[in-house]
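Undergrad: Structure in structure tokens, see below.
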Amino acid sequence: MALNADDEDFEWEPPSEAEMKVIQARRERQDKISKLMGDYLLKGYKMLGDCCELCGTILLQDKQKKYYCVACQELDSDVDKDNPALNAQAALSQVRERQLATQPLPESNGASSSEPPLSITGQPRPEHCEGAASGLRGPPPAIQSTPLSVPTASSNFLPPANPPVQTTPPIGPLGNTLQHAALSSAEEAVLHKLRWATQELQHSASVEASIQLCNLIRGCAESLRSLKELQLS
Amino acid sequence: MPEECVSLQASVSVLGALERVVRRCVGPDGGSVLFTRDTGETLITRHGQRILCTLHLEHPMARMVLDCMCAHAKATGDGTKSFILLLAALLRGIQNSAHMNRKGSWTGSGLQNLANRLLAVSRKELDDAIIHKITPYASLYCSRHSYKLKGGILDLLIGGYISGRVAIGQADILKRVLCEFYHKVSQDQDTVETISFIHSHFSLLHTPVTGLPVGSSEVVEGLVVTHDWSVWTERQGPLKALILYESFGPSSVAAGDNISICVQQDWLHRKESIMQQKLESLLDLQVHVVLSSMKQPESVVQWARLNHIALLEFVDSAQLDFLFNISAAETLSHPPLQHLLMLKYCRRVQLGGHRYACLGTFLRIHTLVLCAPAPGLLDQIVCVSQGVFAMMQHLSQKYESFKKQFQSSIQVADQSQSPSLDQSQSMLSTQDLWGGIMRAGGVLPVGGMFEFLLHHFLLNERNCGDPECCRLLAEALLCVPRTLYSHNQRCFLNIQTCFLSHLKQLDRAKLGGSELPELKFGLGFSESSELAPCLESVSGKHQLVVSVLQCLHRLLCVGAILHTRSPLRTGPQTHSEEDEEEEEGMQENPEPLQEQMRKPY
């Protein structure tokens, strides 16, 4: 006797790997929420009978009678994680999927297998996507050559994204042009190094060199990110 | 993914939070929770019921779960934390089965159907597994290791109950004191009656004392009253005592007495003379001790002093009733209500900075004095002691049905084993209740053995009517030993593997008729084998699983939660005004509830 006697069972397929990952992620999120809620209950918060309108988690109330939703205020949102305009990882995974869909399966470089995205797309790390995305939010930095395809790809993302996200105004650091000049020149230098490193990586044959180049690329990306943060602040 | 049923989602969230609260207090390695108040008072406890009732929970499902848990704890004295763990694991299992096996998620009617089927499993397959598989295994196990258990089943049972609930140092002391108390009260009397007597009168037979270390707990002969004597005279030998429920005050004038009153002075004089007459009649009765539940007027106190009569006031009327019931007391004819009884002796005892009165009866009543440094710890020790006797009461009550069922199952096992006639005969004698329970398979070693066994038998049940529900239950059962061994995950897996392989060996040997393999005692839960093994009751565990499935049924049949404006009633025993109706409906916009304070803390 099946668990459910509905007719839907005749068309049931096992969940795909992507769905499994989503299920797993939801389960972990649920566990985290439970843990936080349990800790707050022990701190003296009251568990109410209401649910949060945004995420459906049970609301807590502290001693000052303020409502508190554990999921909204402490965990990253479940939905925003998948929004490419807000999350670099999501953007990169969408880019990768697009590339896979349009191109034939790429040959795997045994040497530089440490960074599959780079071997497939020849594109830099996700921080650049973040740079691209934040570039659409803040004042445009001087991103020139290699991530050329990224802005075009990311501009395809924007229409499906929520309109409110587009209209969230950047915290415009429009003043302080001196800082801008210094930051943009620093950015240029880092990008230049990044481009060079990428090209070297494509042609490198030894493992150690590849690893070192990858580290250099990572370092450049991180500096870019901090530069971006400086710009936006 | 489509939206999940509201009741399942809400249940999982609520139970997940409650589970997180209690899971670190489970088992001998568990910790305690420290609650503090703004006034600076603290409460340190690891008693599951106390912890959960202290939290502020207004969600109706949480309160319903708490009610179920308290009802279960009252019946068996056992398993409040395991209740929550098992319930949470079942709900998660149901949620996961939706994701893994079904395209969509559970609908309301699908959940109700599942709940009904789980309840049916609890009646049929669970009973079968316990009566026909676990009980014979337990009796075989205990008979193999009877040389180890000869010391005292009672000691091991009490040890098993306590060791998971209080710290190790306190556990030894408490075990010793409780065993001593039990032996002194039983005094060659019928075991079942003794247990039932202690359980029903536990509140009168124990005295909590704060400010002393736990090691000062003792058993005192006589009934301890938590007040000192108002008038004390040292007297030897049997004493006649008078029990009063009212004071000899102005209202002591009985109806029917005719008094003619001229002036107020005359009235006062008359009143005094009436009182003197009554007191003299008491002297005629040769009363040496007066026990009163009310405060007596000063003149009575003076009279007692002058006539060397011991007077004890503010005695709890429940204690007075108890004394009346256990002694051969006679009731005096004239109102107000007075009883006369014989006491063996009266004395004063000093407990923790207070002087208390101690009354000795001919029935050799003993009082359990429980000491602890702090009120929270004392409360925990009292709860644990009360729980021990509740557990024993439950076990001895189930023993009657065990007797019948074991007799039927021993015929089933007849083919593979050769029964010994004297075993079954000696089992029937009520004198040896504990031996009988052990031989009937009523106890198992602690540490998750019951859960492993039930998991194995549910999964391998050949003619199971509902394999999916059995699987759900079997998977959820493992959450208890997993939490017990959570400090060492490998330990849990090792134990599980060893135990299951050992079970397979046993099955093969039984089928083949060959010599049964050596049964290792316990699950290796304690690292050193010199520690005494502890036992737990199978019927208690069975009741736990049934209670959890019934609570689950209630949770899953909730269709909608409607919020109302009427005030909440305090206390965990009452249901709130928010009725959970079993109809599908949209969830209304929740309106603000009127706030009311729950229990303190």
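Quick note on naming: the chains in the structure tokens go A, B, ... in the order shown, residues restart at 1 in each chain, and ligands are numbered from 1 in order of appearance.
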Counting only C-alpha atoms, a student should be able to say which residues of chain A come within 6 Å of chain B; what is the right answer, written as a ChimeraX atom specification?

TA: /A:12,34-35,37-38,46-49

Undergrad: Only C-alpha atoms, please: the residues just picked out, written as a PDB file, in the first residue's frame.

TA:
```
ATOM      1  CA  TRP A  12       6.136  10.191 -10.025  1.00  0.00           C
ATOM      2  CA  SER A  34      15.242  25.340  15.100  1.00  0.00           C
ATOM      3  CA  LYS A  35      18.567  25.727  16.821  1.00  0.00           C
ATOM      4  CA  MET A  37      14.718  29.323  18.142  1.00  0.00           C
ATOM      5  CA  GLY A  38      15.608  26.865  20.877  1.00  0.00           C
ATOM      6  CA  LYS A  46       8.180  33.817  24.151  1.00  0.00           C
ATOM      7  CA  MET A  47       7.042  31.594  21.294  1.00  0.00           C
ATOM      8  CA  LEU A  48       3.947  33.123  19.788  1.00  0.00           C
ATOM      9  CA  GLY A  49       1.176  31.538  17.854  1.00  0.00           C
TER      10      GLY A  49
END
```

Undergrad: Name the residues in contact with segment 186-201 of chain B at a cut-off of 12 Å, using only C-alpha atoms, excluding same-chain residues fewer than 5 positions from it; report them as a compact mmCIF listing (two decimals) with N, CA and C atoms, in the first residue's frame.

TA:
```txt
# COMPACT_ATOMS: atom_id res chain seq x y z
N LYS B 74 2.77 11.86 34.11
CA LYS B 74 2.02 11.56 35.32
C LYS B 74 1.70 10.07 35.41
N ALA B 75 1.44 9.47 34.25
CA ALA B 75 1.06 8.06 34.26
C ALA B 75 2.27 7.16 34.51
N THR B 76 3.38 7.45 33.85
CA THR B 76 4.50 6.52 33.95
C THR B 76 5.68 7.06 34.74
N GLY B 77 5.73 8.35 34.98
CA GLY B 77 6.87 8.92 35.68
C GLY B 77 8.14 8.91 34.86
N LEU B 154 15.64 -4.46 42.09
CA LEU B 154 15.13 -3.16 42.50
C LEU B 154 16.22 -2.12 42.45
N LEU B 178 16.88 5.76 48.46
CA LEU B 178 15.58 5.28 48.00
C LEU B 178 15.42 3.79 48.25
N CYS B 179 16.48 3.03 48.03
CA CYS B 179 16.37 1.59 48.29
C CYS B 179 16.13 1.33 49.77
N GLU B 180 16.83 2.10 50.59
CA GLU B 180 16.65 1.94 52.04
C GLU B 180 15.21 2.27 52.42
N PHE B 181 14.70 3.35 51.87
CA PHE B 181 13.33 3.75 52.15
C PHE B 181 12.35 2.66 51.75
N HIS B 206 7.39 12.23 52.24
CA HIS B 206 8.73 12.79 52.06
C HIS B 206 8.75 14.19 52.62
N LEU B 223 6.41 9.75 61.11
CA LEU B 223 5.87 10.73 60.17
C LEU B 223 6.36 12.11 60.58
N ALA B 318 -4.24 16.95 55.19
CA ALA B 318 -4.01 15.71 54.45
C ALA B 318 -3.23 14.72 55.31
N GLN B 319 -2.25 15.25 56.07
CA GLN B 319 -1.49 14.37 56.93
C GLN B 319 -2.36 13.83 58.06
N ASP B 321 -5.56 13.29 57.90
CA ASP B 321 -6.41 12.25 57.31
C ASP B 321 -5.63 10.96 57.13
N PHE B 322 -4.38 11.11 56.69
CA PHE B 322 -3.53 9.95 56.48
C PHE B 322 -3.33 9.19 57.78
N LEU B 323 -3.05 9.92 58.85
CA LEU B 323 -2.86 9.28 60.15
C LEU B 323 -4.14 8.57 60.59
N ASN B 325 -6.37 7.35 58.66
CA ASN B 325 -6.65 6.16 57.85
C ASN B 325 -5.77 4.99 58.23
N ILE B 326 -4.51 5.28 58.59
CA ILE B 326 -3.62 4.14 58.81
C ILE B 326 -3.67 3.63 60.25
N LEU B 363 2.26 1.40 62.77
CA LEU B 363 2.38 0.79 61.46
C LEU B 363 3.77 1.00 60.85
N ARG B 364 4.71 1.48 61.62
CA ARG B 364 6.09 1.66 61.18
C ARG B 364 6.18 2.49 59.91
N ILE B 365 5.60 3.67 59.97
CA ILE B 365 5.72 4.58 58.85
C ILE B 365 7.12 5.19 58.88
N HIS B 366 7.69 5.35 57.70
CA HIS B 366 8.97 6.03 57.60
C HIS B 366 8.83 7.24 56.70
N THR B 367 9.66 8.22 56.94
CA THR B 367 9.64 9.42 56.09
C THR B 367 10.98 9.56 55.39
N LEU B 368 10.91 9.91 54.12
CA LEU B 368 12.10 10.11 53.32
C LEU B 368 12.48 11.58 53.40
N SER B 385 12.64 11.28 42.68
CA SER B 385 12.23 10.25 43.65
C SER B 385 10.78 9.86 43.42
N GLN B 386 9.96 10.87 43.17
CA GLN B 386 8.55 10.57 42.92
C GLN B 386 8.41 9.74 41.66
N GLY B 387 9.23 10.10 40.67
CA GLY B 387 9.17 9.38 39.40
C GLY B 387 9.59 7.93 39.54
N VAL B 388 10.55 7.67 40.42
CA VAL B 388 10.99 6.28 40.62
C VAL B 388 9.80 5.42 41.02
N PHE B 389 9.04 5.92 41.99
CA PHE B 389 7.93 5.10 42.47
C PHE B 389 6.78 5.06 41.48
N ALA B 390 6.62 6.13 40.71
CA ALA B 390 5.61 6.07 39.65
C ALA B 390 5.98 5.03 38.61
N MET B 391 7.27 4.98 38.28
CA MET B 391 7.74 3.99 37.31
C MET B 391 7.53 2.58 37.83
N MET B 392 7.83 2.37 39.11
CA MET B 392 7.67 1.03 39.67
C MET B 392 6.21 0.64 39.75
N GLN B 393 5.38 1.61 40.03
CA GLN B 393 3.95 1.34 40.09
C GLN B 393 3.45 0.91 38.71
N HIS B 394 3.87 1.62 37.69
CA HIS B 394 3.45 1.30 36.34
C HIS B 394 3.92 -0.09 35.95
N LEU B 395 5.17 -0.40 36.32
CA LEU B 395 5.74 -1.70 35.97
C LEU B 395 5.00 -2.82 36.68
N SER B 396 4.71 -2.63 37.95
CA SER B 396 4.06 -3.71 38.69
C SER B 396 2.62 -3.90 38.21
N GLN B 397 2.00 -2.81 37.78
CA GLN B 397 0.64 -2.96 37.25
C GLN B 397 0.65 -3.74 35.95
N LYS B 398 1.64 -3.48 35.11
CA LYS B 398 1.72 -4.18 33.84
C LYS B 398 2.13 -5.63 34.02
N TYR B 399 2.70 -5.94 35.15
CA TYR B 399 3.19 -7.29 35.37
C TYR B 399 2.07 -8.31 35.29
N GLU B 400 0.89 -7.92 35.73
CA GLU B 400 -0.24 -8.83 35.68
C GLU B 400 -0.51 -9.27 34.25
N SER B 429 4.56 -16.61 41.63
CA SER B 429 4.43 -16.24 43.05
C SER B 429 4.62 -14.74 43.21
N THR B 430 3.73 -14.13 43.95
CA THR B 430 3.80 -12.69 44.08
C THR B 430 4.87 -12.26 45.06
N GLN B 431 5.38 -13.20 45.84
CA GLN B 431 6.41 -12.80 46.78
C GLN B 431 7.63 -12.27 46.06
N ASP B 432 7.98 -12.92 44.99
CA ASP B 432 9.18 -12.53 44.28
C ASP B 432 8.77 -11.74 43.04
N LEU B 433 8.27 -10.55 43.26
CA LEU B 433 7.78 -9.74 42.14
C LEU B 433 8.89 -9.41 41.17
N TRP B 434 10.03 -9.02 41.71
CA TRP B 434 11.10 -8.56 40.83
C TRP B 434 11.69 -9.70 40.02
N GLY B 435 11.87 -10.84 40.69
CA GLY B 435 12.36 -11.99 39.95
C GLY B 435 11.38 -12.39 38.85
N GLY B 436 10.11 -12.33 39.21
CA GLY B 436 9.09 -12.68 38.23
C GLY B 436 9.11 -11.74 37.04
N ILE B 437 9.26 -10.46 37.33
CA ILE B 437 9.30 -9.47 36.24
C ILE B 437 10.50 -9.72 35.35
```

Undergrad: Where in segment 37-199 of chain B does DSSP assign strand (DSSP E), given as a PyMOL selection string?

TA: chain B and resi 42-45+56-57

Undergrad: Give me, please, the distance in Å between atom CA of Arg471 of chain B and atom CA of Glu125 of chain B, quoted to one decimal.

TA: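 Rounded to one decimal, the two atoms are 11.5 Å apart.
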
Undergrad: Going by DSSP on the backbone, which residues of segment 1-77 of chain B come out as alpha helix (DSSP H)? List them as a ChimeraX atom specification.

TA: /B:6-22,48-54,60-76

Undergrad: Quick one: write out the picked residues with C-alpha atoms as a CSV table (one decimal), in the first residue's frame?

TA:
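Just written: again_7.csv:
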```
chain,number,residue,atom,x,y,z
B,6,VAL,CA,0.3,24.2,7.5
B,7,SER,CA,0.0,21.7,10.3
B,8,LEU,CA,3.0,19.7,9.3
B,9,GLN,CA,5.2,22.8,8.8
B,10,ALA,CA,4.1,24.3,12.1
B,11,SER,CA,4.6,21.1,14.0
B,12,VAL,CA,8.1,20.5,12.6
B,13,SER,CA,9.1,24.1,13.5
B,14,VAL,CA,7.7,23.9,17.0
B,15,LEU,CA,9.0,20.4,17.8
B,16,GLY,CA,12.4,21.3,16.3
B,17,ALA,CA,12.8,24.2,18.7
B,18,LEU,CA,11.6,22.1,21.7
B,19,GLU,CA,13.9,19.3,20.7
B,20,ARG,CA,16.9,21.7,20.6
B,21,VAL,CA,16.1,22.8,24.1
B,22,VAL,CA,16.0,19.4,25.7
B,48,GLY,CA,12.4,17.7,31.1
B,49,GLN,CA,8.9,18.5,32.3
B,50,ARG,CA,10.2,21.3,34.4
B,51,ILE,CA,12.3,22.8,31.7
B,52,LEU,CA,9.5,22.8,29.1
B,53,CYS,CA,6.9,24.1,31.5
B,54,THR,CA,9.2,27.0,32.4
B,60,PRO,CA,-1.2,26.3,20.6
B,61,MET,CA,0.6,23.3,19.2
B,62,ALA,CA,3.4,23.7,21.6
B,63,ARG,CA,1.0,23.8,24.5
B,64,MET,CA,-0.9,20.8,23.2
B,65,VAL,CA,2.4,18.8,23.0
B,66,LEU,CA,3.2,19.9,26.6
B,67,ASP,CA,-0.2,18.7,27.8
B,68,CYS,CA,0.3,15.3,26.2
B,69,MET,CA,3.8,15.1,27.7
B,70,CYS,CA,2.6,16.0,31.2
B,71,ALA,CA,-0.2,13.5,31.1
B,72,HIS,CA,2.2,10.8,30.0
B,73,ALA,CA,4.7,11.7,32.7
B,74,LYS,CA,2.0,11.6,35.3
B,75,ALA,CA,1.1,8.1,34.3
B,76,THR,CA,4.5,6.5,34.0
```
